[in-house]
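Since the structure comes first, as structure tokens, the remarks are kept for the end.
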Amino acid sequence: MTTNWEQQYLEDDTPWDKGSAAPPLIEWMDRNPDLISGRILVPGCGLGHDVRALATLKQNVEPIGVDISLTALEKARSIQHVGIESYLVADLFTMENAHTEAYDWVWEHTCFCAIDPSMRDKYVEAVHKILKPDGHFLGVFYLDPYDDEHPPGSGPPHGSSIRELETRFVESGKFEILECYVPDKSYPGREGLEQIIRFAKK
Ligand SMILES: C[S@@+](CC[C@H](N)C(=O)[O-])C[C@H]1O[C@@H](n2cnc3c(N)ncnc32)[C@H](O)[C@@H]1O
């Protein structure tokens, strides 16, 4: 089943949008106030809550939210700016060459679990390509989004596992893991079901 993201934003049918930045991102920034800097790409940023959270950091940060939906980014752009954040309508899988090795960090939140699982290796290739040689990929992975109303195979979000992430990111030779833990803070309903992972590009 293919998701028509643009149509969902047009119809305000966006149950994934919680109206605020991801709690695991806020928690990670509180724990690591000086670690992240430079150009940060946020794939599948939706209304940009995480982009704006990153833009509040005091150091030299330039968050850039990317989304395939024009309507999502029109809504994101209409929200009060807090720093030098910007937004780009683009498909992560077909980013122009100007983006190659152009980013210091990637922040991932509910893009990986939203795309079709058959595209996951392409996702890893895409984020590897846009990161600078010493770039970091920081993500919160919604590993287990399933319940009685949303069983496996019923469309996004699609679950994953630490083992799968190790295979795709690490055993592919593209990344190494620097940190990996279950965040203390999550949106209500996602407690204990998410994993923060920070990878360094190899
Ligand atoms: C589940 S939503 C999450 C949005 C946002 N991260 C949030 O948590 O509110 C997935 C987002 O990924 C975007 N998206 C899906 N495929 C994409 C692609 N190939 N390139 C860029 N964005 C994509 C969708 O338009 C949508 O905004």
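To be explicit about the labels: the chains of the structure tokens are called A, B, and onward in the order shown, and within each one the residues are counted from 1, while ligands get numbers from 1 in the order they are shown.
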
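Inspection of the environment of ligand 1, which uses only C-alpha atoms and all ligand atoms and a cut-off of 7 Å, identifies the neighbouring residues as Trp5, Glu6, Trp16, Asp17, Lys18, Pro43, Gly44, Cys45, Gly46, Leu47, Val66, Asp67, Ile68, Ser69, Ala72, Ala90, Asp91, Leu92, Phe93, His109, Thr110, Cys111, Ala114, Ile115 and Pro157 of chain A.
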
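By only C-alpha atoms, and with residues fewer than 3 positions from Gly155 in chain A along its chain excluded, the set lying at most 12 Å from it is Met1, Thr2, Thr3, Asn4, Cys113, Ala114, Ile115, Asp116, Pro117, Pro145, Tyr146, Glu149, His150, Pro151, Pro152, His158 and Gly159 of chain A.
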
### Task
Write out as a VMD selection string all residues of range 7-120 of chain A that DSSP puts in strand (DSSP E) for this structure's backbone.
chain A and resid 38 to 43 61 to 67 86 to 89 103 to 109

Requested write-out: N, CA, C and O atoms of the selected residues, as a short mmCIF file (atom, residue, chain, number, x, y, z; two decimals), in the first residue's frame:
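Saved as again06.cif:
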data_model
loop_
_atom_site.label_atom_id
_atom_site.label_comp_id
_atom_site.auth_asym_id
_atom_site.auth_seq_id
_atom_site.Cartn_x
_atom_site.Cartn_y
_atom_site.Cartn_z
N GLY A 38 26.84 22.56 12.82
CA GLY A 38 26.95 22.54 11.37
C GLY A 38 25.61 22.34 10.68
O GLY A 38 24.55 22.63 11.24
N ARG A 39 25.68 21.82 9.48
CA ARG A 39 24.47 21.62 8.67
C ARG A 39 23.83 20.28 9.04
O ARG A 39 24.49 19.24 8.99
N ILE A 40 22.57 20.33 9.43
CA ILE A 40 21.86 19.13 9.89
C ILE A 40 20.67 18.89 8.98
O ILE A 40 19.76 19.73 8.90
N LEU A 41 20.66 17.76 8.30
CA LEU A 41 19.52 17.44 7.45
C LEU A 41 18.53 16.59 8.22
O LEU A 41 18.91 15.64 8.90
N VAL A 42 17.25 16.97 8.12
CA VAL A 42 16.17 16.23 8.80
C VAL A 42 15.25 15.67 7.72
O VAL A 42 14.39 16.38 7.19
N PRO A 43 15.44 14.39 7.34
CA PRO A 43 14.60 13.83 6.27
C PRO A 43 13.19 13.54 6.74
O PRO A 43 12.99 13.10 7.88
N VAL A 61 24.44 26.03 14.33
CA VAL A 61 23.65 24.95 13.73
C VAL A 61 22.78 25.52 12.61
O VAL A 61 22.23 26.62 12.72
N GLU A 62 22.71 24.75 11.56
CA GLU A 62 21.89 25.14 10.41
C GLU A 62 21.02 23.94 10.02
O GLU A 62 21.41 23.14 9.18
N PRO A 63 19.85 23.79 10.65
CA PRO A 63 19.01 22.64 10.33
C PRO A 63 18.23 22.87 9.04
O PRO A 63 17.68 23.96 8.81
N ILE A 64 18.16 21.83 8.22
CA ILE A 64 17.45 21.89 6.95
C ILE A 64 16.47 20.73 6.91
O ILE A 64 16.88 19.56 6.90
N GLY A 65 15.19 21.05 6.92
CA GLY A 65 14.17 20.02 6.86
C GLY A 65 13.83 19.68 5.42
O GLY A 65 13.60 20.58 4.61
N VAL A 66 13.82 18.40 5.12
CA VAL A 66 13.49 17.94 3.76
C VAL A 66 12.21 17.11 3.84
O VAL A 66 12.07 16.27 4.74
N ASP A 67 11.30 17.37 2.92
CA ASP A 67 10.11 16.53 2.86
C ASP A 67 9.62 16.48 1.42
O ASP A 67 9.79 17.43 0.66
N SER A 86 15.74 26.05 7.64
CA SER A 86 15.14 26.20 6.32
C SER A 86 14.53 24.86 5.90
O SER A 86 14.77 23.83 6.54
N TYR A 87 13.78 24.91 4.82
CA TYR A 87 13.03 23.73 4.37
C TYR A 87 13.20 23.55 2.87
O TYR A 87 13.29 24.54 2.12
N LEU A 88 13.24 22.30 2.44
CA LEU A 88 13.46 21.97 1.04
C LEU A 88 12.50 20.86 0.63
O LEU A 88 12.48 19.80 1.28
N VAL A 89 11.72 21.12 -0.41
CA VAL A 89 10.85 20.07 -0.94
C VAL A 89 11.71 19.18 -1.83
O VAL A 89 12.24 19.63 -2.85
N TYR A 103 26.44 17.63 4.46
CA TYR A 103 25.84 17.75 5.78
C TYR A 103 26.75 17.16 6.87
O TYR A 103 27.37 16.12 6.67
N ASP A 104 26.78 17.82 8.03
CA ASP A 104 27.56 17.34 9.17
C ASP A 104 26.80 16.28 9.95
O ASP A 104 27.40 15.38 10.53
N TRP A 105 25.49 16.44 10.01
CA TRP A 105 24.64 15.53 10.77
C TRP A 105 23.36 15.24 9.99
O TRP A 105 22.90 16.09 9.20
N VAL A 106 22.79 14.10 10.27
CA VAL A 106 21.40 13.79 9.88
C VAL A 106 20.65 13.47 11.16
O VAL A 106 21.19 12.75 12.03
N TRP A 107 19.46 14.05 11.31
CA TRP A 107 18.57 13.66 12.42
C TRP A 107 17.37 12.93 11.81
O TRP A 107 16.63 13.49 11.00
N GLU A 108 17.20 11.69 12.22
CA GLU A 108 16.12 10.82 11.71
C GLU A 108 15.04 10.61 12.78
O GLU A 108 15.34 10.23 13.91
N HIS A 109 13.79 10.85 12.37
CA HIS A 109 12.67 10.59 13.27
C HIS A 109 11.43 10.30 12.41
O HIS A 109 10.91 11.20 11.75
#

### Using only C-alpha atoms: which of A:Ala98, A:Leu35, A:Ile84, A:Val124 has the shortest distance to Glu171 in chain A
A:Val124

### Task
Would you mind reading off the distance between CA of Phe137 in chain A and CA of Leu193 in chain A, one decimal, in Å?
19.8 Å

### Message
I need the residue nearest Gln80 in chain A from this list: A:Phe175, A:His128, A:Pro133, A:Val51. Use only C-alpha atoms for the distance.
### Response
A:Val51

### Message
Taking the DSSP secondary structure from the backbone, can you list the residues of range 47-116 of chain A that are alpha helix (DSSP H), as number ranges by chain?
### Response
A: 49-55, 70-77

Would you save the residues of that selection, restricted to C-alpha atoms, as a short mmCIF file (atom, residue, chain, number, x, y, z; two decimals), in the first residue's frame?
data_model
loop_
_atom_site.label_atom_id
_atom_site.label_comp_id
_atom_site.auth_asym_id
_atom_site.auth_seq_id
_atom_site.Cartn_x
_atom_site.Cartn_y
_atom_site.Cartn_z
CA HIS A 49 8.99 20.48 14.97
CA ASP A 50 12.39 18.76 15.23
CA VAL A 51 13.97 21.22 12.79
CA ARG A 52 12.94 24.13 15.02
CA ALA A 53 14.11 22.31 18.17
CA LEU A 54 17.55 21.88 16.61
CA ALA A 55 17.55 25.53 15.55
CA LEU A 70 4.94 20.65 -0.50
CA THR A 71 1.93 21.17 1.77
CA ALA A 72 3.82 19.89 4.82
CA LEU A 73 6.61 22.37 4.18
CA GLU A 74 4.22 25.26 3.46
CA LYS A 75 2.78 24.59 6.91
CA ALA A 76 6.28 24.29 8.42
CA ARG A 77 7.34 27.59 6.85
#

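Neighbours of Ile162 in chain A closer than or equal to 9 Å, with only C-alpha atoms counted and sequence neighbours fewer than 4 positions away skipped, come out as A:Leu143, A:Glu166, A:Thr167, A:Gln195.
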
Keeping only N, CA and C atoms, take the residues you just selected and write them out as an mmCIF file, in the first residue's frame.
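The result, written out as part-v6.cif:
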data_model
loop_
_atom_site.group_PDB
_atom_site.id
_atom_site.type_symbol
_atom_site.label_atom_id
_atom_site.label_comp_id
_atom_site.auth_asym_id
_atom_site.auth_seq_id
_atom_site.Cartn_x
_atom_site.Cartn_y
_atom_site.Cartn_z
ATOM 1 N N LEU A 143 10.875 1.136 16.881
ATOM 2 C CA LEU A 143 11.103 -0.275 16.541
ATOM 3 C C LEU A 143 9.817 -1.083 16.499
ATOM 4 N N GLU A 166 21.620 -2.970 12.544
ATOM 5 C CA GLU A 166 23.053 -3.317 12.470
ATOM 6 C C GLU A 166 23.395 -3.853 11.082
ATOM 7 N N THR A 167 22.533 -4.692 10.556
ATOM 8 C CA THR A 167 22.804 -5.280 9.233
ATOM 9 C C THR A 167 22.848 -4.193 8.168
ATOM 10 N N GLN A 195 14.344 3.476 20.053
ATOM 11 C CA GLN A 195 15.777 3.327 20.311
ATOM 12 C C GLN A 195 16.491 4.522 19.703
#

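Nearest residue to Asp30 in chain A among A:Lys202, A:Arg120, A:Lys185, A:His99 is A:Lys185, counting only C-alpha atoms.
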
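Minimum atom-to-atom distance to Leu165 in chain A, evaluated using only C-alpha atoms, belongs to A:Val140 out of A:Gly135, A:Val140, A:Pro23, A:Tyr187.
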
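When CA of Pro156 in chain A is paired with CA of Phe112 in chain A, their separation reads 9.8 Å.
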
### Message
Under the rule that only C-alpha atoms are counted, which of A:Leu138, A:Ile26, A:Ile36, A:Cys180 is the nearest residue to Ala200 in chain A?
### Response
A:Leu138

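Between CA of Arg31 in chain A and CA of Tyr142 in chain A lies a distance of 20.4 Å.
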
### Query
Which residues come within 9 Å of Pro24 in chain A, counting only C-alpha atoms, excluding same-chain residues fewer than 3 positions away, as a ChimeraX atom specification?
/A:21,27-29,140,182-187,194-196

Residues just named, written with N, CA, C and O atoms as a short mmCIF file (atom, residue, chain, number, x, y, z; two decimals), in the first residue's frame:
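See result_19.cif below for the written result:
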data_model
loop_
_atom_site.label_atom_id
_atom_site.label_comp_id
_atom_site.auth_asym_id
_atom_site.auth_seq_id
_atom_site.Cartn_x
_atom_site.Cartn_y
_atom_site.Cartn_z
N ALA A 21 8.34 18.71 19.17
CA ALA A 21 9.53 17.93 18.80
C ALA A 21 9.56 16.59 19.53
O ALA A 21 8.97 16.41 20.59
N GLU A 27 15.72 15.14 24.84
CA GLU A 27 16.53 14.48 25.87
C GLU A 27 17.99 14.38 25.43
O GLU A 27 18.92 14.68 26.20
N TRP A 28 18.21 13.98 24.17
CA TRP A 28 19.59 13.83 23.68
C TRP A 28 20.29 15.19 23.65
O TRP A 28 21.47 15.30 24.02
N MET A 29 19.58 16.24 23.24
CA MET A 29 20.21 17.58 23.19
C MET A 29 20.55 18.06 24.60
O MET A 29 21.59 18.69 24.81
N VAL A 140 16.11 8.42 16.09
CA VAL A 140 15.28 7.64 17.00
C VAL A 140 14.46 6.71 16.12
O VAL A 140 13.79 7.15 15.18
N VAL A 182 17.71 3.01 24.90
CA VAL A 182 16.27 3.30 24.92
C VAL A 182 16.09 4.65 25.61
O VAL A 182 16.52 4.82 26.75
N PRO A 183 15.48 5.64 24.94
CA PRO A 183 15.33 6.94 25.60
C PRO A 183 14.38 6.87 26.79
O PRO A 183 13.43 6.09 26.79
N ASP A 184 14.65 7.73 27.79
CA ASP A 184 13.74 7.81 28.94
C ASP A 184 12.45 8.50 28.55
O ASP A 184 11.38 8.22 29.10
N LYS A 185 12.56 9.45 27.61
CA LYS A 185 11.38 10.25 27.25
C LYS A 185 10.91 9.90 25.85
O LYS A 185 11.72 9.82 24.91
N SER A 186 9.62 9.71 25.71
CA SER A 186 9.00 9.39 24.42
C SER A 186 7.63 10.06 24.39
O SER A 186 7.09 10.44 25.43
N TYR A 187 7.04 10.18 23.19
CA TYR A 187 5.64 10.58 23.11
C TYR A 187 4.82 9.54 23.87
O TYR A 187 5.17 8.34 23.88
N GLU A 194 11.09 2.71 21.46
CA GLU A 194 11.99 3.43 20.57
C GLU A 194 13.45 3.17 20.97
O GLU A 194 13.74 2.77 22.10
N GLN A 195 14.34 3.48 20.05
CA GLN A 195 15.78 3.33 20.31
C GLN A 195 16.49 4.52 19.70
O GLN A 195 16.25 4.87 18.54
N ILE A 196 17.34 5.15 20.51
CA ILE A 196 18.23 6.20 19.96
C ILE A 196 19.51 5.51 19.50
O ILE A 196 20.08 4.71 20.24
#
